[in-house]
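Here is coords_32.csv, consisting of CSV, C-alpha atoms:
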chain,number,residue,atom,x,y,z
A,141,GLY,CA,11.7,-69.8,-15.9
A,142,GLU,CA,8.7,-69.3,-13.7
A,143,ASP,CA,8.8,-66.5,-11.1
A,144,VAL,CA,7.3,-66.6,-7.7
A,145,GLU,CA,7.5,-63.5,-5.5
A,146,GLN,CA,6.8,-62.9,-1.9
A,147,SER,CA,7.3,-60.2,0.7
A,148,LEU,CA,10.3,-61.0,2.8
A,149,PHE,CA,9.3,-60.1,6.3
A,150,LEU,CA,6.2,-60.0,8.5
A,151,SER,CA,6.0,-59.1,12.1
A,152,VAL,CA,2.8,-60.0,13.9
A,153,ARG,CA,1.5,-59.8,17.5
A,154,GLU,CA,0.6,-63.1,19.2
A,155,GLY,CA,-3.1,-63.8,18.8
A,156,ASP,CA,-3.5,-61.6,15.7
A,157,SER,CA,-3.9,-62.9,12.1
A,158,SER,CA,-1.0,-63.1,9.7
A,159,VAL,CA,-1.4,-62.7,6.0
A,160,ILE,CA,1.4,-63.7,3.6
A,161,ASN,CA,1.1,-62.8,0.0
A,162,CYS,CA,2.6,-64.4,-3.1
A,163,THR,CA,2.4,-63.7,-6.8
A,164,TYR,CA,3.4,-66.2,-9.5
A,165,THR,CA,3.6,-66.2,-13.3
A,166,ASP,CA,3.0,-69.8,-14.4
A,167,SER,CA,-0.8,-70.0,-15.0
A,168,SER,CA,-0.5,-73.7,-15.9
A,169,SER,CA,0.3,-74.9,-12.4
A,170,THR,CA,-2.1,-77.6,-11.2
A,171,TYR,CA,-1.4,-77.1,-7.5
A,172,LEU,CA,-0.1,-74.2,-5.4
A,173,TYR,CA,1.5,-74.8,-2.1
A,174,TRP,CA,2.5,-73.2,1.2
A,175,TYR,CA,5.5,-74.7,3.0
A,176,LYS,CA,6.9,-73.9,6.4
A,177,GLN,CA,10.6,-74.1,7.3
A,178,GLU,CA,11.9,-73.7,10.8
A,179,PRO,CA,15.6,-72.8,11.5
A,180,GLY,CA,17.9,-75.5,10.4
A,181,ALA,CA,15.1,-77.8,9.4
A,182,GLY,CA,13.6,-79.2,6.2
A,183,LEU,CA,10.3,-78.2,4.6
A,184,GLN,CA,6.9,-78.9,6.1
A,185,LEU,CA,3.9,-78.9,3.8
A,186,LEU,CA,1.3,-76.6,5.4
A,187,THR,CA,-1.4,-76.6,2.9
A,188,TYR,CA,-2.1,-76.6,-0.8
A,189,ILE,CA,-4.8,-75.5,-3.2
A,190,PHE,CA,-5.9,-76.9,-6.5
A,191,SER,CA,-5.8,-74.4,-9.3
A,192,ASN,CA,-9.5,-74.4,-10.0
A,193,MET,CA,-10.3,-73.5,-6.4
A,194,ASP,CA,-10.7,-69.9,-5.0
A,195,MET,CA,-10.4,-70.6,-1.3
A,196,LYS,CA,-9.4,-73.4,1.0
A,197,GLN,CA,-9.7,-73.4,4.8
A,198,ASP,CA,-7.9,-75.9,7.0
A,199,GLN,CA,-8.2,-75.1,10.8
A,200,ARG,CA,-6.3,-71.9,11.4
A,201,LEU,CA,-5.1,-71.7,7.8
A,202,THR,CA,-7.0,-70.0,4.9
A,203,VAL,CA,-5.7,-70.0,1.4
A,204,LEU,CA,-7.0,-67.6,-1.2
A,205,LEU,CA,-6.3,-67.9,-4.9
A,206,ASN,CA,-6.9,-65.2,-7.4
A,207,LYS,CA,-6.1,-67.0,-10.7
A,208,LYS,CA,-6.8,-63.9,-12.8
A,209,ASP,CA,-4.2,-61.8,-10.9
A,210,LYS,CA,-2.0,-64.9,-10.2
A,211,HIS,CA,-2.1,-64.0,-6.5
A,212,LEU,CA,-2.0,-66.5,-3.7
A,213,SER,CA,-2.3,-65.7,0.0
A,214,LEU,CA,-2.1,-67.5,3.3
A,215,ARG,CA,-3.9,-66.3,6.4
A,216,ILE,CA,-2.9,-67.8,9.8
A,217,ALA,CA,-5.6,-67.0,12.4
A,218,ASP,CA,-4.7,-66.6,16.1
A,219,THR,CA,-0.9,-66.6,15.3
A,220,GLN,CA,1.2,-68.3,18.0
A,221,THR,CA,4.9,-68.1,18.8
A,222,GLY,CA,5.3,-71.6,17.3
A,223,ASP,CA,4.2,-70.1,13.9
A,224,SER,CA,7.5,-68.1,13.8
A,225,ALA,CA,9.3,-69.5,10.7
A,226,ILE,CA,9.9,-68.9,7.0
A,227,TYR,CA,6.9,-69.5,4.8
A,228,PHE,CA,7.4,-70.4,1.1
A,229,CYS,CA,4.8,-70.4,-1.6
A,230,ALA,CA,5.5,-72.7,-4.4
A,231,GLU,CA,3.9,-73.7,-7.7
A,232,GLY,CA,4.7,-76.1,-10.5
A,233,ASN,CA,3.8,-79.0,-12.6
A,234,ASP,CA,4.8,-82.6,-12.6
A,235,TYR,CA,6.1,-82.1,-9.1
A,236,LYS,CA,8.9,-79.7,-10.2
A,237,LEU,CA,8.4,-76.7,-8.0
A,238,SER,CA,9.4,-73.1,-8.2
A,239,PHE,CA,9.6,-71.5,-4.8
A,240,GLY,CA,9.3,-67.9,-3.7
A,241,ALA,CA,12.1,-66.3,-1.7
A,242,GLY,CA,10.2,-67.0,1.6
A,243,THR,CA,8.5,-64.7,4.1
A,244,THR,CA,10.1,-64.7,7.5
A,245,VAL,CA,7.3,-64.4,10.1
A,246,THR,CA,8.2,-63.2,13.5
A,247,VAL,CA,5.6,-63.5,16.2
A,248,ARG,CA,6.0,-61.0,19.1
A,249,ALA,CA,4.4,-61.3,22.5
B,276,GLY,CA,2.7,-91.6,4.8
B,277,ALA,CA,5.6,-91.9,2.4
B,278,VAL,CA,9.0,-91.0,3.7
B,279,VAL,CA,12.1,-89.7,2.0
B,280,SER,CA,15.4,-89.8,3.9
B,281,GLN,CA,18.8,-88.1,3.2
B,282,HIS,CA,22.2,-89.1,4.3
B,283,PRO,CA,24.2,-87.5,5.7
B,284,SER,CA,22.2,-84.8,7.5
B,285,TRP,CA,25.3,-82.6,7.5
B,286,VAL,CA,28.8,-82.8,6.2
B,287,ILE,CA,32.0,-80.7,6.4
B,288,CYS,CA,34.6,-81.3,3.8
B,289,LYS,CA,37.8,-79.6,2.6
B,290,SER,CA,38.1,-77.7,-0.7
B,291,GLY,CA,38.9,-79.9,-3.6
B,292,THR,CA,37.3,-83.1,-2.2
B,293,SER,CA,34.1,-84.7,-3.4
B,294,VAL,CA,31.0,-85.4,-1.3
B,295,LYS,CA,28.2,-87.8,-2.0
B,296,ILE,CA,24.7,-87.2,-0.7
B,297,GLU,CA,22.1,-89.9,-0.7
B,298,CYS,CA,18.3,-89.6,-1.1
B,299,ARG,CA,16.1,-92.6,-0.4
B,300,SER,CA,12.4,-93.3,-0.7
B,301,LEU,CA,11.8,-95.5,2.3
B,302,ASP,CA,8.5,-97.2,1.6
B,303,PHE,CA,7.8,-96.5,-2.0
B,304,GLN,CA,9.4,-96.5,-5.4
B,305,ALA,CA,10.4,-93.3,-7.1
B,306,THR,CA,11.5,-93.4,-10.8
B,307,THR,CA,12.0,-89.7,-10.6
B,308,MET,CA,13.5,-87.6,-7.8
B,309,PHE,CA,14.4,-83.9,-7.7
B,310,TRP,CA,17.4,-82.1,-6.2
B,311,TYR,CA,17.2,-78.6,-4.8
B,312,ARG,CA,19.7,-76.3,-3.2
B,313,GLN,CA,19.1,-73.6,-0.7
B,314,PHE,CA,21.6,-70.9,0.1
B,315,PRO,CA,21.4,-69.3,3.6
B,316,LYS,CA,18.3,-67.2,4.0
B,317,GLN,CA,17.3,-67.8,0.4
B,318,SER,CA,14.8,-69.8,-1.6
B,319,LEU,CA,15.1,-73.3,-2.9
B,320,MET,CA,16.3,-73.6,-6.4
B,321,LEU,CA,15.7,-76.7,-8.5
B,322,MET,CA,19.0,-78.1,-9.7
B,323,ALA,CA,18.1,-81.3,-11.6
B,324,THR,CA,15.6,-84.1,-12.1
B,325,SER,CA,17.0,-87.5,-11.4
B,326,ASN,CA,15.7,-90.3,-13.6
B,327,GLU,CA,16.0,-94.0,-12.7
B,328,GLY,CA,17.8,-95.8,-15.5
B,329,SER,CA,18.7,-92.7,-17.6
B,330,LYS,CA,20.6,-89.5,-17.4
B,331,ALA,CA,19.6,-86.7,-15.1
B,332,THR,CA,18.0,-83.5,-16.5
B,333,TYR,CA,19.8,-80.4,-15.3
B,334,GLU,CA,18.3,-76.9,-14.9
B,335,GLN,CA,19.8,-74.1,-16.8
B,336,GLY,CA,23.0,-72.8,-15.2
B,337,VAL,CA,23.7,-76.0,-13.2
B,338,GLU,CA,27.0,-77.7,-14.1
B,339,LYS,CA,26.4,-81.3,-14.7
B,340,ASP,CA,30.0,-82.2,-14.3
B,341,LYS,CA,30.1,-80.5,-11.0
B,342,PHE,CA,27.0,-82.0,-9.6
B,343,LEU,CA,26.9,-85.7,-10.6
B,344,ILE,CA,23.5,-87.4,-10.2
B,345,ASN,CA,23.0,-91.1,-10.3
B,346,HIS,CA,19.7,-92.8,-9.8
B,347,ALA,CA,20.9,-96.3,-9.3
B,348,SER,CA,17.7,-97.9,-8.2
B,349,LEU,CA,14.0,-97.2,-7.7
B,350,THR,CA,14.6,-96.1,-4.2
B,351,LEU,CA,18.0,-94.3,-4.3
B,352,SER,CA,19.3,-91.2,-6.0
B,353,THR,CA,22.7,-89.8,-5.2
B,354,LEU,CA,24.2,-86.3,-5.7
B,355,THR,CA,28.0,-86.0,-5.8
B,356,VAL,CA,29.5,-82.6,-5.5
B,357,THR,CA,32.8,-82.9,-7.2
B,358,SER,CA,35.9,-80.8,-6.3
B,359,ALA,CA,33.9,-78.9,-3.8
B,360,HIS,CA,34.6,-75.3,-3.1
B,361,PRO,CA,33.3,-72.9,-0.4
B,362,GLU,CA,30.7,-71.5,-2.7
B,363,ASP,CA,29.1,-75.0,-2.9
B,364,SER,CA,28.3,-74.7,0.8
B,365,SER,CA,24.5,-75.0,0.9
B,366,PHE,CA,21.5,-76.9,2.1
B,367,TYR,CA,20.7,-79.7,-0.4
B,368,ILE,CA,17.2,-81.1,-0.4
B,369,CYS,CA,15.7,-83.9,-2.5
B,370,SER,CA,12.1,-84.7,-3.1
B,371,ALA,CA,10.1,-87.5,-4.7
B,372,PRO,CA,6.7,-87.5,-6.3
B,373,PRO,CA,3.9,-89.3,-4.5
B,374,PRO,CA,3.5,-93.1,-5.2
B,375,LEU,CA,-0.1,-92.5,-6.2
B,376,ALA,CA,-0.4,-90.8,-9.6
B,377,GLY,CA,-2.2,-87.5,-9.4
B,378,ALA,CA,-1.8,-87.0,-5.7
B,379,TYR,CA,-1.0,-83.5,-4.7
B,380,GLU,CA,1.8,-84.0,-2.2
B,381,GLN,CA,5.4,-84.7,-3.0
B,382,TYR,CA,7.8,-85.8,-0.3
B,383,PHE,CA,10.8,-83.8,0.7
B,384,GLY,CA,13.8,-85.2,2.4
B,385,PRO,CA,15.0,-83.5,5.6
B,386,GLY,CA,18.0,-81.9,3.8
B,387,THR,CA,21.8,-82.2,3.9
B,388,ARG,CA,23.8,-79.2,5.0
B,389,LEU,CA,27.2,-79.1,3.2
B,390,THR,CA,30.0,-76.9,4.5
B,391,VAL,CA,33.1,-76.7,2.4
B,392,THR,CA,36.1,-75.3,4.2

Show this structure as structure tokens.
Amino acid sequence: GEDVEQSLFLSVREGDSSVINCTYTDSSSTYLYWYKQEPGAGLQLLTYIFSNMDMKQDQRLTVLLNKKDKHLSLRIADTQTGDSAIYFCAEGNDYKLSFGAGTTVTVRA
Amino acid sequence: GAVVSQHPSWVICKSGTSVKIECRSLDFQATTMFWYRQFPKQSLMLMATSNEGSKATYEQGVEKDKFLINHASLTLSTLTVTSAHPEDSSFYICSAPPPLAGAYEQYFGPGTRLTVT
């Protein structure tokens, strides 16, 4: 099946930028997604990028897609304590998604 | 926007019993729904695709006799964990494709936490 890989942990100081990286194998994915999950909660869609785009910016979030290297990243500017959570990248077709293992982001004061 | 609900939000059951989890699309119809499971501190794994009016399609390694899926109507899919054991304890999440074809966002339910004692 498809493989999605992410680094597992990221610690960042409040106010700094966070960058979460993801690699995937299925080059046929139409959309790639970033989800946020807080403890004990469900998934919250943060942002997505269409596969023919290189970059997408949405307020504090910037998504970069390198389709040649199958590399996706999420940058969170001015990271806040409320950004502490697990972040999943996901890709797929026909709404069947493959998720990465999740990156636990810890924001320290 | 479209909403998907799950019931119950959490359940504790004894080993050997069966548990039914419901997934509903509240204001739209979903001929297809997806079931995922998430082990603690791990990723979501697709278990099966639920199809209204026909059999579910299971991912490799998922026991169809263990995880019974019934998509009885255009707004309801159920997942029954039969003869549950502690290793079935997990967070089960369903999702439904958007009502508009080609839209990017699918809708996830809030999840059901199953604990088998």

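Going from CA of Val245 (chain A) to CA of Thr163 (chain A) covers 17.6 Å.
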
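Residue neighbourhood of Leu319 (chain B), excluding near-sequence residues (fewer than 5 positions): A:Ser238, A:Phe239, A:Gly240, A:Ala241, B:Tyr311, B:Arg312, B:Gln313, B:Phe314, B:Phe366, B:Tyr367, B:Ile368, at 9 Å, using only C-alpha atoms.
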
Requested write-out: C-alpha atoms of the selected residues, as a compact mmCIF listing (two decimals), in the coordinates of the input:
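Saved result, out.txt, follows:
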# COMPACT_ATOMS: atom_id res chain seq x y z
CA SER A 238 9.40 -73.10 -8.20
CA PHE A 239 9.60 -71.50 -4.80
CA GLY A 240 9.30 -67.90 -3.70
CA ALA A 241 12.10 -66.30 -1.70
CA TYR B 311 17.20 -78.60 -4.80
CA ARG B 312 19.70 -76.30 -3.20
CA GLN B 313 19.10 -73.60 -0.70
CA PHE B 314 21.60 -70.90 0.10
CA PHE B 366 21.50 -76.90 2.10
CA TYR B 367 20.70 -79.70 -0.40
CA ILE B 368 17.20 -81.10 -0.40

Where does chain B meet chain A within 8 Å, residue by residue, with the nearest atom pair and distance in Å to one decimal for each, counting only C-alpha atoms, listed by chain and rising number, as JSON lines?
{"residue": "B:Phe309", "atom": "CA", "partner": "A:Lys236", "partner_atom": "CA", "distance": 7.4}
{"residue": "B:Gln317", "atom": "CA", "partner": "A:Ala241", "partner_atom": "CA", "distance": 5.8}
{"residue": "B:Ser318", "atom": "CA", "partner": "A:Ala241", "partner_atom": "CA", "distance": 4.4}
{"residue": "B:Leu319", "atom": "CA", "partner": "A:Phe239", "partner_atom": "CA", "distance": 6.1}
{"residue": "B:Met320", "atom": "CA", "partner": "A:Ser238", "partner_atom": "CA", "distance": 7.1}
{"residue": "B:Leu321", "atom": "CA", "partner": "A:Ser238", "partner_atom": "CA", "distance": 7.3}
{"residue": "B:Ile368", "atom": "CA", "partner": "A:Gly182", "partner_atom": "CA", "distance": 7.8}
{"residue": "B:Pro372", "atom": "CA", "partner": "A:Tyr235", "partner_atom": "CA", "distance": 6.1}
{"residue": "B:Tyr379", "atom": "CA", "partner": "A:Tyr171", "partner_atom": "CA", "distance": 7.0}
{"residue": "B:Gln381", "atom": "CA", "partner": "A:Tyr235", "partner_atom": "CA", "distance": 6.7}
{"residue": "B:Phe383", "atom": "CA", "partner": "A:Leu183", "partner_atom": "CA", "distance": 6.8}
{"residue": "B:Gly384", "atom": "CA", "partner": "A:Gly182", "partner_atom": "CA", "distance": 7.1}
{"residue": "B:Pro385", "atom": "CA", "partner": "A:Gly182", "partner_atom": "CA", "distance": 4.6}
{"residue": "B:Gly386", "atom": "CA", "partner": "A:Gly182", "partner_atom": "CA", "distance": 5.7}

(request) Please tell me which residues are no farther than 12 Å from (-4.4, -67.2, 7.7) in the file, counting all atoms listed in the file, and write them as a PyMOL selection string. (result) chain A and resi 152+155-161+174+186-187+195-204+212-220+223+227

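Distance-wise, CA of Pro374 (chain B) and CA of Ser329 (chain B) end up 19.6 Å apart.
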
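In this structure, CA of Pro361 (chain B) sits 29.2 Å away from CA of Ser300 (chain B).
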
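Proximity ranking of B:Asn326, B:Gln304, B:Thr387, B:Ser365 relative to His346 (chain B) places B:Asn326 first, based on all atoms listed in the file.
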
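With distances restricted to only C-alpha atoms, A:Ser191 is the closest residue to Ser169 (chain A) from A:Leu148, A:Ser191, A:Glu154, A:Asn206.
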
(message) Nearest residue to Phe149 (chain A) out of B:Arg299, B:Val278, B:Lys316, B:Met322, using only C-alpha atoms?
(response) B:Lys316

(request) May I ask which of the residues B:Pro315, B:Glu297, B:Met308, B:Thr292 is the closest one to Ala371 (chain B), counting all atoms listed in the file? (result) B:Met308
